[in-house]
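Note sheet for the following structure.
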Amino acid sequence: MLIDITKCIGCRSCQVACKSWNGLDNETTSFTNDITNPPQMSAKTYTVVNFIETRLHDKPIWRFIKRMCMHCTDPACASACFAKAITKRESGAVVYDKTTCVGCRYCMLACPWWIPKYEWDSVFPAVKKCRFCIDLLEHGKEPACATACPSAIKFGDREEMLALAKKRIAKNPDKYVQHIYGEHEAGGTNVLYLSDVPFTSLGLPAVSSEPLPKLTWDALAKVPYLAGGVGLTMTAMYLFTHRKNAVAEAQREKIIDKAGE
Amino acid sequence: MGEKVVKMGSFSFRITFIRIVLLLVALFGASIMLYRLIFGLGAATNLNDSWPFGLWIAVDVMLGVALAAGGFTTAGLVYIFNLKEYKPLAKPAILTAWLGYLLVIVGLGMDVGLWYNWWRPIFNWGYTSVLFEVFICVLAYNVVLLVEFLPVLSKRFNWKKVYEVSTFVAIPAVIAGIILSSMHQSSLGALFLIMPEKMNPLWYTSLLPWLFLLSAIAVGPAMVTFESFLASRTYNMEFEKDILGRLIKGVALISAVYVALKLWDLEARGYLSALFDGTLASNMFLVELALFIIPTLLIIFNSKRLSQKTIVAGAVLIVAGVVVNRLNVLFMGLYQAAHMSYFPALTEFAVTFGIISMGCLAYLFIVENFEVFTHEEVKLPKESAPVMTISRGSKQESF
Amino acid sequence: MTNHWIDYKNSDVILVIGANPAENHPMSMKWIHRAQEERGAKLIVVDPRYSRTCASADIVGHIRPGTDIAFINGLMNYAIENKKYHYEYLLNYTNASYLVRDDYAYLDGEFTGLQKINGKEVYDRSTWKYQTDSDGKPLKDLTLEHPRSVFQLLKKHVERYDIDTVCQVTGCSRDIYETIARTYCSTGLPGKAGNIIYAMGVTQHTVGSQNVRALAILQLLLGNMGIAGGGVNAQRGECNVQGSTDMAMLFHLVPGYMGVPRDHLHPTLADYNMKETPSSGYWSNKPKFFVSLLKAFYGDNATAANDFGYDYFPKSDNKDHSHQSIIADIDKEIIKGVILWGQNPVVGGPNTNFTINAFKKLDWMVAVDLFETESASFWKAPGVNPQEVDTEVFLLPAASVYEKEGSVTNSGRWIQWRYQAIEPIGECKSDLWLVDRLFNEIRELYAAEGGAYPDPILKMNWNYGGSFEKKPDVKKVALEINGYDVATGKGITTFGALKDDGSTACGCWIYAGYFADPEDPACKRRELEAPGGLGLHSKYAYAWPINRRILYNRCSADPQGKPWDASRALFSYELGQWKNLDVPDFNATLAPEASGANPFIMTAEGVGRLFSDSVGDGPFPEHFEPVESPVKNIFNKRDHNPIANIWRDDFSRLIEKGDPNFPIIATTMRVCEHYQSGVMTRNLPSLVELMPEMFVEISHELAEDYNIKPGDMVYISSPRGQIRVKAMITSRIKPLTIMGGKHHFISLPWHWGYSGLSIGESANKLVPNVGDANTSIPESKAFMCNIRKA
């Protein structure tokens, strides 16, 4: 999915389409000075368009950015799930399944974009986040938001979208920031952004290009060695100290024996 | 004070004022737990989408595990390093660890949303997750701790076979315990490795697992020291100054290494100067450092003649250092990235204190009804246990 | 629209003025963005505020509300001064060369012919005519140099609109204005296409019609009419406003844009035909359309002998029956009952306090809507005691769009069939069922009880097969609108087939062909092919007239038939033959020079009118201040439009110029999330979630001057009323500098009312009862008010 910020008009059709298709309840909101509403994503809101007043070429401008799950190619949330409740599907969608979820919420922490949300009000809560409308994808259709979007969203294979994004930048090098957000972030994501203003000013955090799961995996990969090392050391230590003892004991016994003699 | 003793069969439990307070706190905590189970996390906690981990994870789990590290460190010293002088500490430490880990499970059970799914990971191996390793380790370690503690239990209940088997597997169990502990103690630190952008760089480092492990090794004996101090007060036993003094020196040594590693890591990553930028986070980091440096220096400078006061103070400060560290990693570490605020609800505190009280009560009950404080290998009683004898040093107390 | 939505992608420069397509017509932005991306097109947005559309703009120009004519006349002046106009186009396809009568003149805000009748100023337009030869044919000067030529008169008229003066009046910065002028007038080059998009920001003024005229004249000057990527494109406020206008929802028209018969002017059909039919141009066929309309109305009861039932046909009494007059007539108890069919005047009309007070005097009201509207519940409005209201209110639950079948006509004139998805919930009924029942019940009453004149009802051709239990056949209605041969009952495929002898019937002549074959009507086509790459999509739906996608399309090629731009050719004349991409809006059997002399077939002279007597307030647009304005008009001595419709009454007190109690300029607006008076959207949780509360947009500067913080409650007041709303403080609104003075400016969405899921105060409470000289549309886009912290 490619989201071109220069083409987003802030109509929020995506927000409505998302709620309709996913059967999400509406939130009771109130006035916000920046129009963004609901103010952030939640268990009831998988996607939010943020309205941002910023500046470009020293002129005040207004930009709109649809925030949603980035559907990482190597998702931190899925790697963080110890019950495999979040999985990366063939279509690129990162999908949560409540069946095996224990509810530890480590996925929520793991995500660099704070995407997974929790049904705090539920007795048996689920993690909630954009599913890329996996049901639609599996029927060869686009996610609801992409279908509803008048202009800014293009949906297709990641490579295709990257090529399109590069084409747009090449065609308008003065307009666009020379960066496709999501091409490398967190090892690459399936949601890509193009913009004419710096991504940080749109609230997109700078995320390193290393896939996040690698960070923990590197540590985990050392665990067997650690375990083996500790095990061997401890066993060796045990044998060593007890051999010393046994020798001491034997000697003691000898002495006793001698004494007994 | 008019003490009362409640008897149930062969078991007895002294009732004191403090114990009544503990009991009330535990009962209140338990009722809040029930409330949480019926009405859910939203009703019982102030957790939110920015703070999916809160007080329960920080204290009941991360701290619980860290402070229960006395189990594997002491067991290691006694059974593996064969340092027999520490033997009196081993059983209480293992008991503390076992209770600690059981309560970690209680805490986790409260904290996870779908507790009835707790067994799922056993079949759905989310092996890419640090949490999977922690989960398996904690599960296994609970079993190991049970095995380690079984001799005491089986002796009390006169389960001969169990006793034999449990003593037979004691050493492998201790080794397994050390392996499992070093794995998950470090992994609790590794949990945070996945958040390089979110976490405050003061705490985020690839050394997190090592720092967690080191501090756990340090805090284990410190905690044992502190507990021994409490036990000596409670049961009017002698404070084993020599043993604990030696132990605390070891703690200071590890703490020194820990502090050095931490500072070196900050320097290497270029954040040493950020320590003094006056923000809440950096100040909290300084507090944390101070809580390691002060006891370390205190102990090292007094190493020739350690008084009980110094030993206990050193131990308490190190424990406090780890407490602050674990809280810092979670709360200060994520404070800047979170877009919502979080302060634990009273109900959260109630559960946490409730769990701690339950632990204390269980500890008291067990040491008073089982043979925990002893360095004599007591022969299995022929009949059901008579009045327990706690034999430590020269003093004896019957109750 | 002269063009259509998809055609936006063919433009080189798009000028959006008084419109906010990103919020009110979001899908259109797809095509605007495509023009930007694929053609490198420039989007210019001219608006008092920085709207969501501005976010997509290449150039944003901020102007004071109500100064559009100054702005556009300035562009004309720039084009003429700098010779940026399309000379060949001007010469051949417009009346630039026509000579105007010597007694026509413009002087200081007044055109010749201004007179007072019954205390109200009106124009006698008899001098606004061409000089003619002895045959009555207009005289021309093909050099365009003659001082009485339209071109020279226009040049003289707009030369007062120099950049400095325009910028002083509009508050637009000079740099920006020059950039806009340079950019937009670049489309005057032959082969370039400039598109003007407008909406209510242009029309809701006392000079609304002239605003649109100004846009049309600019487009003619630059040769932008009748070409792909060009045109004057009105974005209608709803998916079917175009359709309802085509069906004559306005009081002065009958279906197909024919004037309503007036009893004093047209007592007989012959009078109507004679006075309403021009001698040249396509409208010379009007009697065929009108008689076919009568045939559709009265069927077999319409015969040549009874003038096809002309006497049954309702006549106008020559009074104003526009919205505001109707409310005033209700207040005067001239009107005793109303049917509000999908209409909500208590939120949507101006001066809503007055509207509520007027409604209290009604005997009865029927409200047909999806939800209980504010109008239907006027008797429980805040401050109204229901016990003091005697009006009997009937609320008829209407079916929603998904619960009924029928056609909608979009702004691009595409008639598209929509199918029923689900049965109406509860007791809801389709509009067709409701009107069918209403009519039949009334007819039965007339049949049983008689009446003063029952024939128009009894003799009506009304048989769509509906009963209380059975839905009327919507296809029968559609076929009647399409038109049919009376003898065979077969649908006609073009209005060329209509006759004035009663052999054809047609409910709306311009719709001929859209439903000719009820089994496979053209409006149900959904083929996606678009040969030529211009997005004409001729096999998708049906565009009136006769599936023509771009009106006046003869203008897309030069007089010899060579397209101005080969890449955007709609037609080209090659080897003695026309190659057509669109349906010709000209006689394609003639040589190109012949059709080129008559490219605007709907006008009598066959060319586009820079100068016209068709609009009541002047042949050329002239800047007048809004009726409520903070500054004096510096272009002429008349402050506001001399013939504006102003209800000077107790109920509508106006703010005098310079009144220190009301120093702030206000405009109303819409937001993407709500629709019109909000009846349909303020009751939808998913939209209320996005836009939960009424608010006012104010600048940081105003907030500072009045000590207002974001989200604070503020009172906004005018002599008509006061509202209490939350303040949205934003850099998207700036104080305006007009003639050196700083003027605060606020913007109010007008969607809210006191019923429904999301309730809030109505901005229209503040709007005065003043209307455009021609259409009476209220001036809700520029009025004065005050603000204070609540």
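Labeling convention for the structure tokens: chains A, B, ... as they appear, residues from 1 per chain, ligands from 1 in order of appearance.
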
Run DSSP on the backbone and give me the residues of range 53-216 of chain A it puts in strand (DSSP E or B), as a compact mmCIF listing (two decimals) with N, CA and C atoms, in the first residue's frame.
# COMPACT_ATOMS: atom_id res chain seq x y z
N GLU A 53 -0.91 20.90 11.01
CA GLU A 53 -0.58 22.21 10.44
C GLU A 53 0.93 22.38 10.57
N THR A 54 1.60 22.51 9.44
CA THR A 54 3.05 22.63 9.47
C THR A 54 3.46 23.68 8.44
N ARG A 55 4.72 23.71 8.09
CA ARG A 55 5.17 24.73 7.14
C ARG A 55 5.99 24.07 6.04
N LEU A 56 5.91 24.65 4.86
CA LEU A 56 6.70 24.18 3.73
C LEU A 56 7.13 25.41 2.94
N LYS A 59 5.86 28.56 4.18
CA LYS A 59 4.43 28.91 4.11
C LYS A 59 3.67 27.93 4.97
N PRO A 60 2.62 28.42 5.64
CA PRO A 60 1.84 27.47 6.44
C PRO A 60 1.09 26.52 5.52
N ILE A 61 1.17 25.27 5.83
CA ILE A 61 0.42 24.28 5.04
C ILE A 61 -0.27 23.31 5.99
N TRP A 62 -1.14 22.53 5.42
CA TRP A 62 -1.91 21.55 6.18
C TRP A 62 -1.67 20.20 5.53
N ARG A 63 -1.34 19.23 6.34
CA ARG A 63 -1.14 17.90 5.79
C ARG A 63 -1.94 16.89 6.59
N PHE A 64 -2.28 15.81 5.93
CA PHE A 64 -3.09 14.78 6.55
C PHE A 64 -2.35 13.46 6.40
N ILE A 65 -2.26 12.75 7.47
CA ILE A 65 -1.58 11.46 7.35
C ILE A 65 -2.41 10.36 7.98
N LYS A 66 -2.69 9.38 7.17
CA LYS A 66 -3.43 8.21 7.64
C LYS A 66 -2.45 7.31 8.36
N ARG A 67 -2.69 7.12 9.64
CA ARG A 67 -1.84 6.21 10.39
C ARG A 67 -2.57 4.89 10.55
N CYS A 72 4.77 -4.64 8.66
CA CYS A 72 6.20 -4.85 8.44
C CYS A 72 6.45 -6.16 7.70
N ILE A 86 -0.02 -13.56 16.57
CA ILE A 86 0.15 -12.63 15.46
C ILE A 86 1.04 -13.30 14.43
N THR A 87 0.54 -13.34 13.22
CA THR A 87 1.32 -14.01 12.18
C THR A 87 1.41 -13.14 10.94
N LYS A 88 2.47 -13.35 10.24
CA LYS A 88 2.68 -12.66 8.96
C LYS A 88 2.12 -13.56 7.88
N VAL A 94 -0.19 -8.56 8.40
CA VAL A 94 0.19 -9.03 9.74
C VAL A 94 -1.11 -9.13 10.53
N VAL A 95 -1.48 -10.36 10.88
CA VAL A 95 -2.83 -10.59 11.38
C VAL A 95 -2.81 -11.22 12.77
N TYR A 96 -3.69 -10.72 13.58
CA TYR A 96 -3.82 -11.20 14.96
C TYR A 96 -4.98 -12.17 15.07
N LYS A 117 -3.49 -2.25 19.79
CA LYS A 117 -4.25 -1.63 20.88
C LYS A 117 -5.00 -2.73 21.62
N TYR A 118 -5.50 -2.38 22.78
CA TYR A 118 -6.07 -3.41 23.63
C TYR A 118 -7.50 -3.07 24.01
N VAL A 127 -6.22 -8.13 21.45
CA VAL A 127 -5.40 -7.09 20.85
C VAL A 127 -6.09 -6.68 19.56
N LYS A 128 -6.16 -5.39 19.29
CA LYS A 128 -6.85 -4.96 18.08
C LYS A 128 -5.91 -4.12 17.23
N ILE A 153 -4.29 6.66 -1.78
CA ILE A 153 -3.82 5.29 -1.55
C ILE A 153 -3.79 4.50 -2.85
N LYS A 154 -2.64 3.86 -3.07
CA LYS A 154 -2.56 2.89 -4.16
C LYS A 154 -2.25 1.55 -3.52
N TYR A 181 9.12 6.39 3.01
CA TYR A 181 9.03 5.90 4.40
C TYR A 181 8.42 4.51 4.37
N THR A 189 8.42 -2.12 5.28
CA THR A 189 7.02 -2.32 5.65
C THR A 189 6.17 -2.42 4.39
N LEU A 192 3.69 2.09 2.66
CA LEU A 192 4.76 3.01 2.28
C LEU A 192 4.18 4.42 2.21
N TYR A 193 4.98 5.38 2.60
CA TYR A 193 4.53 6.77 2.54
C TYR A 193 5.43 7.58 1.63
N LEU A 194 4.79 8.47 0.88
CA LEU A 194 5.51 9.50 0.12
C LEU A 194 5.07 10.84 0.69

Within 10 Å of chain A: residues of chain C, using only C-alpha atoms, as an NGL selection string | :C and (21-34 or 36-38 or 40 or 50-57 or 671-673 or 684-695 or 697 or 709-711 or 726-732)

Can you tell me, as a ChimeraX atom specification, what residues are no more than 8 Å from Glu622 in chain C when counting only C-alpha atoms, ignoring any on the same chain fewer than 6 positions away?
-> /C:69-70,73,109,210

C:Asn351, C:Gln131, C:Asn683, C:Asn547 ranked by distance to Pro719 in chain C, top pick (using only C-alpha atoms) = C:Asn351

Write out as a PyMOL selection string each polymer residue whose atoms come within 9 Å of range 208-214 of chain A, counting only C-alpha atoms; drop sequence neighbours fewer than 4 positions from it.
-> (chain A and resi 72-80+110-112+182-188+218-219) or (chain B and resi 128-129+193-197)

Would you export the selected residues with C-alpha atoms as a compact mmCIF listing (two decimals), in the first residue's frame, please?
# COMPACT_ATOMS: atom_id res chain seq x y z
CA CYS A 72 6.20 -4.85 8.44
CA THR A 73 7.85 -7.42 6.26
CA ASP A 74 9.50 -8.64 9.45
CA PRO A 75 7.02 -7.56 12.11
CA ALA A 76 8.24 -6.92 15.63
CA CYS A 77 4.80 -7.66 17.05
CA ALA A 78 4.65 -11.10 15.49
CA SER A 79 8.15 -11.93 16.64
CA ALA A 80 7.26 -10.69 20.10
CA ALA A 110 7.35 -4.20 20.57
CA CYS A 111 5.73 -2.19 17.79
CA PRO A 112 7.78 0.92 17.05
CA GLY A 182 8.67 2.20 4.91
CA GLU A 183 11.07 1.12 2.21
CA HIS A 184 13.67 0.35 4.83
CA GLU A 185 12.11 1.32 8.14
CA ALA A 186 12.14 -1.59 10.55
CA GLY A 187 13.46 -3.75 7.76
CA GLY A 188 10.76 -2.60 5.36
CA ASP A 218 20.41 -11.95 18.26
CA ALA A 219 20.08 -12.10 22.01
CA THR B 128 11.07 -15.85 18.13
CA SER B 129 9.77 -14.12 21.21
CA LEU B 193 15.80 -4.93 23.04
CA ILE B 194 12.96 -4.77 20.52
CA MET B 195 12.28 -1.15 21.37
CA PRO B 196 15.36 0.74 20.24
CA GLU B 197 13.37 3.78 19.12

Residues of chain A within 6 Å of chain B: nearest atom pair and distance (Å, one decimal) for each, counting only C-alpha atoms, sorted by chain and number, as a Markdown table?
| residue | atom | partner | partner_atom | distance |
| --- | --- | --- | --- | --- |
| A:Ser79 | CA | B:Thr128 | CA | 5.1 |
| A:Ala80 | CA | B:Ser129 | CA | 4.4 |
| A:Cys81 | CA | B:Ser129 | CA | 5.7 |
| A:Phe82 | CA | B:Gly126 | CA | 4.0 |
| A:Ala83 | CA | B:Pro121 | CA | 4.4 |
| A:Lys84 | CA | B:Gly126 | CA | 4.9 |
| A:Thr100 | CA | B:Arg120 | CA | 5.8 |
| A:Val102 | CA | B:Leu114 | CA | 4.9 |
| A:Gly103 | CA | B:Gly113 | CA | 4.2 |
| A:Cys104 | CA | B:Val112 | CA | 4.8 |
| A:Arg105 | CA | B:Pro52 | CA | 6.0 |
| A:Ala110 | CA | B:Ile194 | CA | 5.6 |
| A:Lys117 | CA | B:Asp49 | CA | 5.6 |
| A:Trp120 | CA | B:Gly42 | CA | 4.4 |
| A:Asp121 | CA | B:Gly42 | CA | 4.8 |
| A:Ser122 | CA | B:Gly40 | CA | 5.8 |
| A:Val123 | CA | B:Gly40 | CA | 4.0 |
| A:Phe124 | CA | B:Leu114 | CA | 5.6 |
| A:Pro125 | CA | B:Gly113 | CA | 5.7 |
| A:Leu212 | CA | B:Ile194 | CA | 5.5 |
| A:Leu215 | CA | B:Ile194 | CA | 5.9 |
| A:Thr216 | CA | B:Leu193 | CA | 5.7 |
| A:Ala227 | CA | B:Ile179 | CA | 5.3 |
| A:Val230 | CA | B:Ile179 | CA | 5.8 |
| A:Gly231 | CA | B:Ile179 | CA | 5.8 |
| A:Tyr238 | CA | B:Ile80 | CA | 4.3 |
| A:Thr241 | CA | B:Asn82 | CA | 5.9 |

To one decimal place, how far is CA of Asp517 in chain C from CA of Val291 in chain C in Å?
->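 Those two atoms sit 22.2 Å apart.
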
With a distance cut-off of 9 Å and only C-alpha atoms, select the neighbouring residues of Gly230 in chain C, excluding the residue or stretch itself and same-chain residues fewer than 5 positions from it, and output the selection as a count of residues only.
-> 18

Can you tell me, as a count of residues only, what residues are no more than 9 Å from Gly314 in chain B when counting only C-alpha atoms, ignoring any on the same chain fewer than 5 positions away?
-> 11

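Coordinates place CA of Asn20 in chain C at a distance of 8.3 Å from CA of Tyr198 in chain C.
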
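In this structure, CA of Val351 in chain B sits 13.6 Å away from CA of Gly64 in chain B.
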
Enumerate, as a PyMOL selection string, the complete set of residues in range 257-313 of chain B that a backbone-based DSSP assignment places in helix (DSSP H, G or I).
-> chain B and resi 257-269+273-276+280-301+308-313

Take the residues from that selection and write them out as a compact mmCIF listing (two decimals), in the first residue's frame, keeping N, CA and C atoms.
# COMPACT_ATOMS: atom_id res chain seq x y z
N VAL B 257 31.34 -4.46 39.23
CA VAL B 257 31.45 -4.83 37.81
C VAL B 257 30.25 -4.28 37.04
N TYR B 258 29.09 -4.42 37.67
CA TYR B 258 27.84 -3.97 37.05
C TYR B 258 27.89 -2.46 36.75
N VAL B 259 28.30 -1.72 37.78
CA VAL B 259 28.35 -0.26 37.61
C VAL B 259 29.37 0.12 36.54
N ALA B 260 30.49 -0.54 36.59
CA ALA B 260 31.54 -0.24 35.61
C ALA B 260 31.03 -0.53 34.19
N LEU B 261 30.37 -1.66 34.06
CA LEU B 261 29.86 -2.05 32.75
C LEU B 261 28.84 -1.02 32.26
N LYS B 262 28.00 -0.59 33.15
CA LYS B 262 26.96 0.37 32.81
C LYS B 262 27.55 1.70 32.34
N LEU B 263 28.54 2.16 33.10
CA LEU B 263 29.16 3.44 32.75
C LEU B 263 29.95 3.32 31.45
N TRP B 264 30.65 2.22 31.35
CA TRP B 264 31.42 2.02 30.12
C TRP B 264 30.48 1.99 28.91
N ASP B 265 29.34 1.33 29.10
CA ASP B 265 28.36 1.22 28.01
C ASP B 265 27.81 2.60 27.63
N LEU B 266 27.51 3.40 28.65
CA LEU B 266 27.01 4.76 28.38
C LEU B 266 28.06 5.56 27.62
N GLU B 267 29.29 5.45 28.09
CA GLU B 267 30.38 6.18 27.46
C GLU B 267 30.53 5.74 26.01
N ALA B 268 30.51 4.41 25.81
CA ALA B 268 30.69 3.88 24.46
C ALA B 268 29.58 4.35 23.54
N ARG B 269 28.39 4.48 24.07
CA ARG B 269 27.28 4.90 23.21
C ARG B 269 27.13 6.41 23.16
N SER B 273 27.33 12.04 28.98
CA SER B 273 27.06 13.44 29.33
C SER B 273 25.56 13.67 29.53
N ALA B 274 24.75 12.85 28.85
CA ALA B 274 23.30 13.03 28.97
C ALA B 274 22.82 12.74 30.38
N LEU B 275 23.69 12.10 31.18
CA LEU B 275 23.33 11.80 32.56
C LEU B 275 23.06 13.05 33.37
N PHE B 276 23.69 14.14 32.94
CA PHE B 276 23.63 15.33 33.78
C PHE B 276 22.81 16.44 33.14
N LEU B 280 14.17 14.39 34.31
CA LEU B 280 13.70 13.42 35.28
C LEU B 280 14.37 12.07 35.02
N ALA B 281 14.44 11.71 33.75
CA ALA B 281 15.00 10.41 33.41
C ALA B 281 16.46 10.31 33.85
N SER B 282 17.24 11.34 33.53
CA SER B 282 18.66 11.24 33.87
C SER B 282 18.85 11.28 35.38
N ASN B 283 18.02 12.04 36.06
CA ASN B 283 18.12 12.06 37.52
C ASN B 283 17.79 10.70 38.11
N MET B 284 16.79 10.08 37.53
CA MET B 284 16.42 8.75 38.02
C MET B 284 17.54 7.76 37.76
N PHE B 285 18.22 7.96 36.64
CA PHE B 285 19.35 7.09 36.33
C PHE B 285 20.45 7.28 37.37
N LEU B 286 20.65 8.53 37.76
CA LEU B 286 21.67 8.83 38.77
C LEU B 286 21.31 8.19 40.11
N VAL B 287 20.04 8.25 40.45
CA VAL B 287 19.58 7.63 41.69
C VAL B 287 19.92 6.14 41.67
N GLU B 288 19.58 5.57 40.51
CA GLU B 288 19.81 4.14 40.35
C GLU B 288 21.30 3.81 40.51
N LEU B 289 22.13 4.61 39.86
CA LEU B 289 23.57 4.39 39.94
C LEU B 289 24.04 4.54 41.38
N ALA B 290 23.55 5.58 42.03
CA ALA B 290 23.97 5.85 43.40
C ALA B 290 23.65 4.66 44.29
N LEU B 291 22.49 4.05 44.06
CA LEU B 291 22.06 2.94 44.90
C LEU B 291 22.94 1.71 44.71
N PHE B 292 23.69 1.69 43.61
CA PHE B 292 24.66 0.61 43.46
C PHE B 292 26.04 1.04 43.97
N ILE B 293 26.40 2.29 43.67
CA ILE B 293 27.76 2.75 43.99
C ILE B 293 27.95 2.89 45.51
N ILE B 294 26.97 3.50 46.17
CA ILE B 294 27.12 3.75 47.61
C ILE B 294 27.33 2.44 48.39
N PRO B 295 26.46 1.44 48.24
CA PRO B 295 26.69 0.20 49.01
C PRO B 295 28.00 -0.48 48.61
N THR B 296 28.32 -0.39 47.33
CA THR B 296 29.55 -1.04 46.88
C THR B 296 30.75 -0.43 47.60
N LEU B 297 30.78 0.91 47.58
CA LEU B 297 31.90 1.58 48.25
C LEU B 297 31.87 1.31 49.75
N LEU B 298 30.66 1.38 50.29
CA LEU B 298 30.48 1.15 51.72
C LEU B 298 31.09 -0.19 52.13
N ILE B 299 30.79 -1.19 51.35
CA ILE B 299 31.24 -2.54 51.71
C ILE B 299 32.73 -2.69 51.45
N ILE B 300 33.17 -2.15 50.30
CA ILE B 300 34.59 -2.32 49.96
C ILE B 300 35.46 -1.59 50.99
N PHE B 301 35.05 -0.36 51.37
CA PHE B 301 35.89 0.40 52.30
C PHE B 301 35.86 -0.20 53.70
N GLN B 308 27.26 -5.63 61.28
CA GLN B 308 25.93 -6.08 60.83
C GLN B 308 25.20 -4.96 60.11
N LYS B 309 25.34 -3.77 60.67
CA LYS B 309 24.69 -2.60 60.10
C LYS B 309 25.12 -2.39 58.65
N THR B 310 26.44 -2.44 58.43
CA THR B 310 26.97 -2.20 57.09
C THR B 310 26.47 -3.28 56.13
N ILE B 311 26.50 -4.49 56.64
CA ILE B 311 26.07 -5.59 55.76
C ILE B 311 24.62 -5.39 55.36
N VAL B 312 23.79 -5.14 56.35
CA VAL B 312 22.35 -5.00 56.05
C VAL B 312 22.11 -3.76 55.19
N ALA B 313 22.75 -2.67 55.56
CA ALA B 313 22.57 -1.44 54.77
C ALA B 313 23.00 -1.68 53.33
